[in-house]
Amino acid sequence: MEYQGLDMKWLKMLLTGVIAVLSSLSFAQQRPNIIVILADDMGYSDAGSYGGEVQTPNIDRLASEGIRYKQFYNVARCCPTRASLMTGLYPHQAGMGWMAAADLGTPEYQGTINNKCVTIAEVLKTAGYSTYMTGKWHLTNERKIDGMVTDSWPRQRGFDHYFGIIPGGSNYYTPMLYSVNKKYLAPENFYLTSAISDTSVKYIDQHFSKSGAEPMFMYVAYTAPHWPLHALQKDIDKYKELYKAGWDSFRASRFGKQKEIGLIPGNAQISPRDAKIPAWDSLSEEQKNEMAMRMAIYAAQIDVMDNGIGKILQKLKAKNQLDNTLIFFLSDNGACAEFINSGKSKEVNGKEDTFESYRINWANVSSTPFREYKHYTHEGGIATPLIVRWPKGIDPLLNNKFVNEYGHVADLMATCVDVSGAKYPAAYKGNAIVPMQGKSLVPHFSGKSNNRGVIYWEHEANIAVRDGKWKLVAKTPENEQLSKDALELYDMEADPIEMHNLASKYPGRVDSMYEGWLKWAKSINAFPLDTREYNLRAQAYRRRINGTFDDNFGGWAVRKVPAMQGAVELDSNSQISGKNSAVIS
């Protein structure tokens, strides 16, 4: 039978093809934009929607119009978390078992993400996404950064557009900025947090000004509220009187709010104030004023970040993209208790010539209700507030609700792959790729379980295992070896604050979970575990000569001996090894 000269068989094939094309176009239109917003060193309880008093209306809006996780995990430190988030792997598998400050001598601790991993940007580009990044990268060895070796920078790892800082931190007013694989000094009247927000808004505007624009993936990696304590006076003024009530008062008020909103069980007990911290009332008035100012500046840094997130939401709405944009908000590690005091001025005023931290005293508040901080694998070091908003993909009945299941930053890769229709590769650019370690969070978007399974940690020999309701954890002091005697066991359903160590009650479970951890640690080549202090590791690495000179003398300080003439330069024509050699004349 024929119809107007067309064979019916061919007509059916044609209609099938048209339907397939229309279906494909429909899917392309429905695929969400994806924005990952990462705060830097922000504690579990700082945002209002997690118990804090800092003014975070835009972060809280994401929570009220989406879902919040009670127990979501990062990797205890900035570099490892960023590596895990970006690649969907454990940090060691991506080459970032420690920090970008040093190559510790094995592929797992090289301090630069490797070619055995792919980034979310690289994967989503294969599915037609345009990719953007603003903010802190911190996934390239510092020696490579100094030598302007760009092979592991954002533009080389899948991002079409990038603006921010490649290293791990900077002065907020006078940073070295990076864009299009070049660096330049910040202009006058500059503030980094605002620039990250404004550039993100600019990227959104430019992208959706094109007709028929494909979906976008954007990674907004704020440096706030990481030290140094830098904020504009107008923002500090909002908080400078507030924190004179002291850390004891705010730990109690945050804990009370956490119970009130259902984040923490009503019968829970707050962890004791850290023994290193004095009672607020024991301080002199001068000490109270100084310490209150530290927290005021820290709060101002979060406030400005939240304001920028509001601008991003406004621009998405103006472009009619807000409801079909999957937004994640989380932090890269727990609150930071590091003691920083290295500015030209020792005043605590948030200005450009200062370089201060808010200290363990306030980090203990940011960690409410948990123990410990950044570096460690107790909840205070690895628990992150995760908020997810996506009106077209999350059941509206779940809005402003908590997810009780736990998850891990590696799960963001799996989720992005799931919702985008992208395929995670077995090989990329000729390199075999380690399989994804995370699990998609999409089942949580409709109130279902994703059966997350076991998660492992190792950072500076601080270890942990999460398996269902059970958590095994150990803290290892600097310059000491991991000890099985330090292992603690907690029932995280009954005791989410880790107050009641059950290791002596369930020694068999401790043994089996530790054996599981050992098997995992060996499988990813986590050994040997290095517990040296940060600067010792970094200094030891700086003293090592890069024999191939492929980092372009990055990190070198070449000094002339008095009364001698000479120079040190690269020579690519007379290789001893690698692509470069050194010429000393």
# chains A, B, ... in the order shown; residues from 1 in each chain; ligands from 1
>>> residues_around(residues="segment 397-400 of chain A", least_positions_apart="3", cutoff="7 Å", atoms="only C-alpha atoms", output="ChimeraX atom specification")
/A:63-67
>>> residues_around(residues="Arg273 of chain A", least_positions_apart="6", cutoff="9 Å", atoms="only C-alpha atoms", output="PDB file with N, CA and C atoms, in the first residue's frame")
ATOM      1  N   ASP A 248      29.302  31.311  74.525  1.00  0.00           N
ATOM      2  CA  ASP A 248      28.461  30.382  75.290  1.00  0.00           C
ATOM      3  C   ASP A 248      26.980  30.622  75.001  1.00  0.00           C
ATOM      4  N   ARG A 251      26.173  29.320  71.330  1.00  0.00           N
ATOM      5  CA  ARG A 251      26.106  27.864  71.219  1.00  0.00           C
ATOM      6  C   ARG A 251      24.751  27.376  71.749  1.00  0.00           C
ATOM      7  N   ALA A 279      35.408  30.188  79.457  1.00  0.00           N
ATOM      8  CA  ALA A 279      34.035  30.707  79.531  1.00  0.00           C
ATOM      9  C   ALA A 279      34.046  32.179  79.119  1.00  0.00           C
ATOM     10  N   ASN A 364      34.023  26.723  67.518  1.00  0.00           N
ATOM     11  CA  ASN A 364      33.236  25.846  68.378  1.00  0.00           C
ATOM     12  C   ASN A 364      31.747  26.174  68.291  1.00  0.00           C
ATOM     13  N   VAL A 365      31.434  27.446  68.074  1.00  0.00           N
ATOM     14  CA  VAL A 365      30.035  27.856  67.863  1.00  0.00           C
ATOM     15  C   VAL A 365      29.556  27.396  66.491  1.00  0.00           C
ATOM     16  N   ARG A 371      31.411  18.130  67.990  1.00  0.00           N
ATOM     17  CA  ARG A 371      32.805  18.266  68.418  1.00  0.00           C
ATOM     18  C   ARG A 371      33.704  18.353  67.191  1.00  0.00           C
TER      19      ARG A 371
END
>>> residues_around(residues="Lys439 of chain A", least_positions_apart="6", cutoff="12 Å", atoms="only C-alpha atoms", output="JSON, numbers by chain")
{"A": [88, 89, 406, 407, 408, 409, 410, 411, 412, 413, 414, 415, 416, 417, 418, 449, 450, 451, 452, 453, 454, 455]}
>>> residues_around(residues="Asp551 of chain A", least_positions_apart="3", cutoff="9 Å", atoms="only C-alpha atoms", output="list in words")
Arg143, Lys144, Ile145, Asp146, Gly147, Met148, Val149, Asn546, Thr548, Gly554, Gly555 and Asn580 of chain A
>>> residues_around(residues="Tyr490 of chain A", least_positions_apart="4", cutoff="7 Å", atoms="only C-alpha atoms", output="MDAnalysis selection string")
chainID A and resid 470:472 495 498 500:502
>>> closest_residue(among="A:Glu478, A:Asn141, A:Gln269, A:Pro107", to="Leu536 of chain A", atoms="only C-alpha atoms")
A:Glu478
>>> select_by_dssp(residues="segment 50-188 of chain A", states="strand (DSSP E)", output="ChimeraX atom specification")
/A:67-73,130-136,161-165,176-179,182-185
>>> closest_atom_pairs(of="segment 11-106 of chain A", to="segment 515-525 of chain A", cutoff="12 Å", atoms="only C-alpha atoms", output="JSON lines")
{"residue": "A:Leu89", "atom": "CA", "partner": "A:Ile524", "partner_atom": "CA", "distance": 10.5}
{"residue": "A:Tyr90", "atom": "CA", "partner": "A:Ile524", "partner_atom": "CA", "distance": 8.5}
{"residue": "A:Pro91", "atom": "CA", "partner": "A:Ile524", "partner_atom": "CA", "distance": 9.5}
{"residue": "A:His92", "atom": "CA", "partner": "A:Ile524", "partner_atom": "CA", "distance": 6.6}
{"residue": "A:Gln93", "atom": "CA", "partner": "A:Ile524", "partner_atom": "CA", "distance": 6.3}
{"residue": "A:Ala94", "atom": "CA", "partner": "A:Ile524", "partner_atom": "CA", "distance": 10.0}
{"residue": "A:Gly95", "atom": "CA", "partner": "A:Ile524", "partner_atom": "CA", "distance": 10.2}
{"residue": "A:Met96", "atom": "CA", "partner": "A:Ile524", "partner_atom": "CA", "distance": 11.6}
{"residue": "A:Gly97", "atom": "CA", "partner": "A:Asn525", "partner_atom": "CA", "distance": 9.5}
{"residue": "A:Gly105", "atom": "CA", "partner": "A:Asn525", "partner_atom": "CA", "distance": 12.0}
{"residue": "A:Thr106", "atom": "CA", "partner": "A:Asn525", "partner_atom": "CA", "distance": 8.7}
>>> write_last_selection(atoms="all heavy atoms", output="PDB file, in the first residue's frame")
ATOM      1  N   LEU A  89      34.860  11.058  42.956  1.00  0.00           N
ATOM      2  CA  LEU A  89      35.748  10.023  43.474  1.00  0.00           C
ATOM      3  C   LEU A  89      36.155  10.353  44.904  1.00  0.00           C
ATOM      4  O   LEU A  89      35.897  11.452  45.401  1.00  0.00           O
ATOM      5  CB  LEU A  89      37.006   9.921  42.607  1.00  0.00           C
ATOM      6  CG  LEU A  89      36.821   9.724  41.105  1.00  0.00           C
ATOM      7  CD1 LEU A  89      38.185   9.656  40.420  1.00  0.00           C
ATOM      8  CD2 LEU A  89      36.010   8.464  40.808  1.00  0.00           C
ATOM      9  N   TYR A  90      36.815   9.413  45.554  1.00  0.00           N
ATOM     10  CA  TYR A  90      37.515   9.765  46.779  1.00  0.00           C
ATOM     11  C   TYR A  90      38.732  10.609  46.393  1.00  0.00           C
ATOM     12  O   TYR A  90      39.311  10.431  45.310  1.00  0.00           O
ATOM     13  CB  TYR A  90      37.949   8.508  47.532  1.00  0.00           C
ATOM     14  CG  TYR A  90      36.806   7.800  48.215  1.00  0.00           C
ATOM     15  CD1 TYR A  90      36.338   6.574  47.758  1.00  0.00           C
ATOM     16  CD2 TYR A  90      36.182   8.369  49.332  1.00  0.00           C
ATOM     17  CE1 TYR A  90      35.282   5.926  48.387  1.00  0.00           C
ATOM     18  CE2 TYR A  90      35.128   7.734  49.969  1.00  0.00           C
ATOM     19  CZ  TYR A  90      34.678   6.520  49.492  1.00  0.00           C
ATOM     20  OH  TYR A  90      33.626   5.888  50.119  1.00  0.00           O
ATOM     21  N   PRO A  91      39.126  11.561  47.249  1.00  0.00           N
ATOM     22  CA  PRO A  91      40.171  12.507  46.848  1.00  0.00           C
ATOM     23  C   PRO A  91      41.482  11.849  46.441  1.00  0.00           C
ATOM     24  O   PRO A  91      42.147  12.307  45.506  1.00  0.00           O
ATOM     25  CB  PRO A  91      40.343  13.402  48.083  1.00  0.00           C
ATOM     26  CG  PRO A  91      39.638  12.704  49.200  1.00  0.00           C
ATOM     27  CD  PRO A  91      38.584  11.869  48.578  1.00  0.00           C
ATOM     28  N   HIS A  92      41.864  10.758  47.109  1.00  0.00           N
ATOM     29  CA  HIS A  92      43.105  10.067  46.759  1.00  0.00           C
ATOM     30  C   HIS A  92      43.064   9.558  45.321  1.00  0.00           C
ATOM     31  O   HIS A  92      44.076   9.594  44.602  1.00  0.00           O
ATOM     32  CB  HIS A  92      43.345   8.885  47.701  1.00  0.00           C
ATOM     33  CG  HIS A  92      43.271   9.225  49.154  1.00  0.00           C
ATOM     34  ND1 HIS A  92      42.066   9.515  49.783  1.00  0.00           N
ATOM     35  CD2 HIS A  92      44.225   9.334  50.120  1.00  0.00           C
ATOM     36  CE1 HIS A  92      42.291   9.776  51.056  1.00  0.00           C
ATOM     37  NE2 HIS A  92      43.596   9.676  51.289  1.00  0.00           N
ATOM     38  N   GLN A  93      41.900   9.081  44.899  1.00  0.00           N
ATOM     39  CA  GLN A  93      41.769   8.553  43.540  1.00  0.00           C
ATOM     40  C   GLN A  93      41.948   9.643  42.490  1.00  0.00           C
ATOM     41  O   GLN A  93      42.332   9.357  41.353  1.00  0.00           O
ATOM     42  CB  GLN A  93      40.395   7.895  43.376  1.00  0.00           C
ATOM     43  CG  GLN A  93      40.194   6.672  44.245  1.00  0.00           C
ATOM     44  CD  GLN A  93      38.768   6.176  44.226  1.00  0.00           C
ATOM     45  OE1 GLN A  93      37.826   6.951  44.399  1.00  0.00           O
ATOM     46  NE2 GLN A  93      38.585   4.883  44.001  1.00  0.00           N
ATOM     47  N   ALA A  94      41.674  10.884  42.877  1.00  0.00           N
ATOM     48  CA  ALA A  94      41.817  12.011  41.963  1.00  0.00           C
ATOM     49  C   ALA A  94      43.178  12.693  42.080  1.00  0.00           C
ATOM     50  O   ALA A  94      43.442  13.662  41.374  1.00  0.00           O
ATOM     51  CB  ALA A  94      40.701  13.031  42.220  1.00  0.00           C
ATOM     52  N   GLY A  95      44.044  12.197  42.998  1.00  0.00           N
ATOM     53  CA  GLY A  95      45.375  12.776  43.165  1.00  0.00           C
ATOM     54  C   GLY A  95      45.491  13.793  44.272  1.00  0.00           C
ATOM     55  O   GLY A  95      46.539  14.415  44.440  1.00  0.00           O
ATOM     56  N   MET A  96      44.414  13.989  45.052  1.00  0.00           N
ATOM     57  CA  MET A  96      44.403  15.023  46.077  1.00  0.00           C
ATOM     58  C   MET A  96      44.184  14.424  47.458  1.00  0.00           C
ATOM     59  O   MET A  96      43.332  14.841  48.225  1.00  0.00           O
ATOM     60  CB  MET A  96      43.325  16.061  45.760  1.00  0.00           C
ATOM     61  CG  MET A  96      43.454  17.365  46.518  1.00  0.00           C
ATOM     62  SD  MET A  96      44.942  18.311  46.207  1.00  0.00           S
ATOM     63  CE  MET A  96      44.601  18.998  44.594  1.00  0.00           C
ATOM     64  N   GLY A  97      44.992  13.411  47.797  1.00  0.00           N
ATOM     65  CA  GLY A  97      44.867  12.796  49.115  1.00  0.00           C
ATOM     66  C   GLY A  97      45.210  13.731  50.243  1.00  0.00           C
ATOM     67  O   GLY A  97      44.730  13.567  51.363  1.00  0.00           O
ATOM     68  N   GLY A 105      54.872  12.546  46.895  1.00  0.00           N
ATOM     69  CA  GLY A 105      55.695  11.491  46.328  1.00  0.00           C
ATOM     70  C   GLY A 105      54.973  10.299  45.756  1.00  0.00           C
ATOM     71  O   GLY A 105      55.605   9.391  45.217  1.00  0.00           O
ATOM     72  N   THR A 106      53.639  10.262  45.877  1.00  0.00           N
ATOM     73  CA  THR A 106      52.867   9.189  45.248  1.00  0.00           C
ATOM     74  C   THR A 106      51.753   9.817  44.424  1.00  0.00           C
ATOM     75  O   THR A 106      51.332  10.953  44.695  1.00  0.00           O
ATOM     76  CB  THR A 106      52.251   8.234  46.291  1.00  0.00           C
ATOM     77  OG1 THR A 106      51.233   8.939  47.031  1.00  0.00           O
ATOM     78  CG2 THR A 106      53.308   7.695  47.247  1.00  0.00           C
TER      79      THR A 106
END
>>> closest_residue(among="A:Ile394, A:Ile327, A:Val36, A:Met86", to="Trp137 of chain A", atoms="only C-alpha atoms")
A:Met86
>>> select_by_dssp(residues="segment 5-237 of chain A", states="alpha helix (DSSP H)", output="JSON, numbers by chain")
{"A": [8, 9, 10, 11, 12, 13, 14, 15, 16, 17, 18, 19, 20, 21, 22, 23, 24, 25, 26, 27, 28, 29, 30, 57, 58, 59, 60, 61, 62, 63, 64, 78, 79, 80, 81, 82, 83, 84, 85, 86, 87, 120, 121, 122, 123, 124, 125, 142, 143, 144, 145, 146, 192, 193, 194, 195, 196, 197, 198, 199, 200, 201, 202, 203, 204, 205, 206, 207, 208, 233, 234, 235, 236]}
>>> decode(residues="segment 464-479 of chain A", atoms="all heavy atoms", output="short mmCIF file (atom, residue, chain, number, x, y, z; two decimals), in the first residue's frame")
data_model
loop_
_atom_site.label_atom_id
_atom_site.label_comp_id
_atom_site.auth_asym_id
_atom_site.auth_seq_id
_atom_site.Cartn_x
_atom_site.Cartn_y
_atom_site.Cartn_z
N ALA A 464 37.54 7.67 59.19
CA ALA A 464 36.16 7.38 59.58
C ALA A 464 35.55 6.42 58.58
O ALA A 464 36.01 6.30 57.44
CB ALA A 464 35.33 8.66 59.66
N VAL A 465 34.51 5.73 59.04
CA VAL A 465 33.68 4.87 58.21
C VAL A 465 32.23 5.13 58.59
O VAL A 465 31.91 5.16 59.79
CB VAL A 465 33.98 3.37 58.42
CG1 VAL A 465 33.13 2.52 57.49
CG2 VAL A 465 35.45 3.07 58.25
N ARG A 466 31.36 5.34 57.62
CA ARG A 466 29.92 5.43 57.89
C ARG A 466 29.24 4.27 57.15
O ARG A 466 29.37 4.14 55.93
CB ARG A 466 29.36 6.77 57.42
CG ARG A 466 27.85 6.95 57.68
CD ARG A 466 27.54 7.12 59.15
NE ARG A 466 26.12 6.99 59.42
CZ ARG A 466 25.26 8.01 59.54
NH1 ARG A 466 25.71 9.25 59.42
NH2 ARG A 466 23.99 7.81 59.81
N ASP A 467 28.55 3.44 57.90
CA ASP A 467 27.87 2.28 57.34
C ASP A 467 26.51 2.17 58.01
O ASP A 467 26.39 1.69 59.14
CB ASP A 467 28.69 1.01 57.58
CG ASP A 467 28.10 -0.21 56.89
OD1 ASP A 467 27.07 -0.07 56.21
OD2 ASP A 467 28.67 -1.31 57.05
N GLY A 468 25.47 2.63 57.31
CA GLY A 468 24.15 2.66 57.91
C GLY A 468 24.14 3.59 59.11
O GLY A 468 24.62 4.72 59.04
N LYS A 469 23.62 3.12 60.22
CA LYS A 469 23.56 3.99 61.40
C LYS A 469 24.89 4.06 62.14
O LYS A 469 25.05 4.87 63.06
CB LYS A 469 22.47 3.51 62.35
CG LYS A 469 22.78 2.21 63.09
CD LYS A 469 21.67 1.90 64.09
CE LYS A 469 22.00 0.66 64.94
NZ LYS A 469 20.97 0.42 65.97
N TRP A 470 25.85 3.22 61.76
CA TRP A 470 27.10 3.13 62.52
C TRP A 470 28.18 4.01 61.92
O TRP A 470 28.34 4.10 60.71
CB TRP A 470 27.59 1.68 62.56
CG TRP A 470 26.67 0.77 63.31
CD1 TRP A 470 25.79 -0.14 62.77
CD2 TRP A 470 26.52 0.70 64.73
NE1 TRP A 470 25.11 -0.78 63.78
CE2 TRP A 470 25.53 -0.28 64.99
CE3 TRP A 470 27.12 1.36 65.80
CZ2 TRP A 470 25.13 -0.62 66.28
CZ3 TRP A 470 26.72 1.03 67.08
CH2 TRP A 470 25.74 0.06 67.31
N LYS A 471 28.95 4.63 62.81
CA LYS A 471 30.11 5.41 62.38
C LYS A 471 31.31 5.05 63.25
O LYS A 471 31.24 5.10 64.48
CB LYS A 471 29.84 6.92 62.48
CG LYS A 471 31.04 7.75 62.02
CD LYS A 471 30.80 9.25 62.16
CE LYS A 471 32.06 10.04 61.81
NZ LYS A 471 31.91 11.48 62.08
N LEU A 472 32.39 4.71 62.59
CA LEU A 472 33.69 4.47 63.24
C LEU A 472 34.56 5.68 62.94
O LEU A 472 34.61 6.15 61.81
CB LEU A 472 34.34 3.22 62.68
CG LEU A 472 35.61 2.73 63.36
CD1 LEU A 472 35.27 2.08 64.70
CD2 LEU A 472 36.35 1.74 62.46
N VAL A 473 35.26 6.21 63.96
CA VAL A 473 36.04 7.43 63.75
C VAL A 473 37.23 7.44 64.69
O VAL A 473 37.18 6.92 65.81
CB VAL A 473 35.16 8.69 63.98
CG1 VAL A 473 34.59 8.73 65.39
CG2 VAL A 473 35.91 9.97 63.67
N ALA A 474 38.34 8.03 64.21
CA ALA A 474 39.54 8.18 65.05
C ALA A 474 40.24 9.48 64.70
O ALA A 474 40.37 9.84 63.53
CB ALA A 474 40.50 7.02 64.86
N LYS A 475 40.72 10.16 65.73
CA LYS A 475 41.51 11.38 65.58
C LYS A 475 42.97 11.04 65.86
O LYS A 475 43.28 10.41 66.87
CB LYS A 475 41.02 12.45 66.56
CG LYS A 475 41.81 13.74 66.53
CD LYS A 475 41.24 14.74 67.54
CE LYS A 475 42.06 16.02 67.58
NZ LYS A 475 41.51 17.01 68.54
N THR A 476 43.86 11.49 64.96
CA THR A 476 45.28 11.21 65.12
C THR A 476 46.05 12.52 65.31
O THR A 476 46.03 13.37 64.43
CB THR A 476 45.84 10.48 63.89
OG1 THR A 476 45.08 9.28 63.67
CG2 THR A 476 47.30 10.13 64.08
N PRO A 477 46.71 12.71 66.45
CA PRO A 477 47.47 13.94 66.68
C PRO A 477 48.62 14.07 65.68
O PRO A 477 49.11 13.08 65.12
CB PRO A 477 48.00 13.78 68.11
CG PRO A 477 47.11 12.77 68.74
CD PRO A 477 46.71 11.84 67.64
N GLU A 478 49.08 15.31 65.45
CA GLU A 478 50.21 15.54 64.57
C GLU A 478 51.44 14.77 65.04
O GLU A 478 51.68 14.64 66.24
CB GLU A 478 50.56 17.04 64.52
CG GLU A 478 49.59 17.85 63.68
CD GLU A 478 49.98 19.32 63.61
OE1 GLU A 478 50.96 19.72 64.29
OE2 GLU A 478 49.31 20.07 62.89
N ASN A 479 52.19 14.25 64.08
CA ASN A 479 53.45 13.54 64.32
C ASN A 479 53.28 12.24 65.08
O ASN A 479 54.25 11.69 65.61
CB ASN A 479 54.45 14.45 65.05
CG ASN A 479 54.78 15.69 64.26
OD1 ASN A 479 55.07 15.62 63.07
ND2 ASN A 479 54.70 16.85 64.91
#
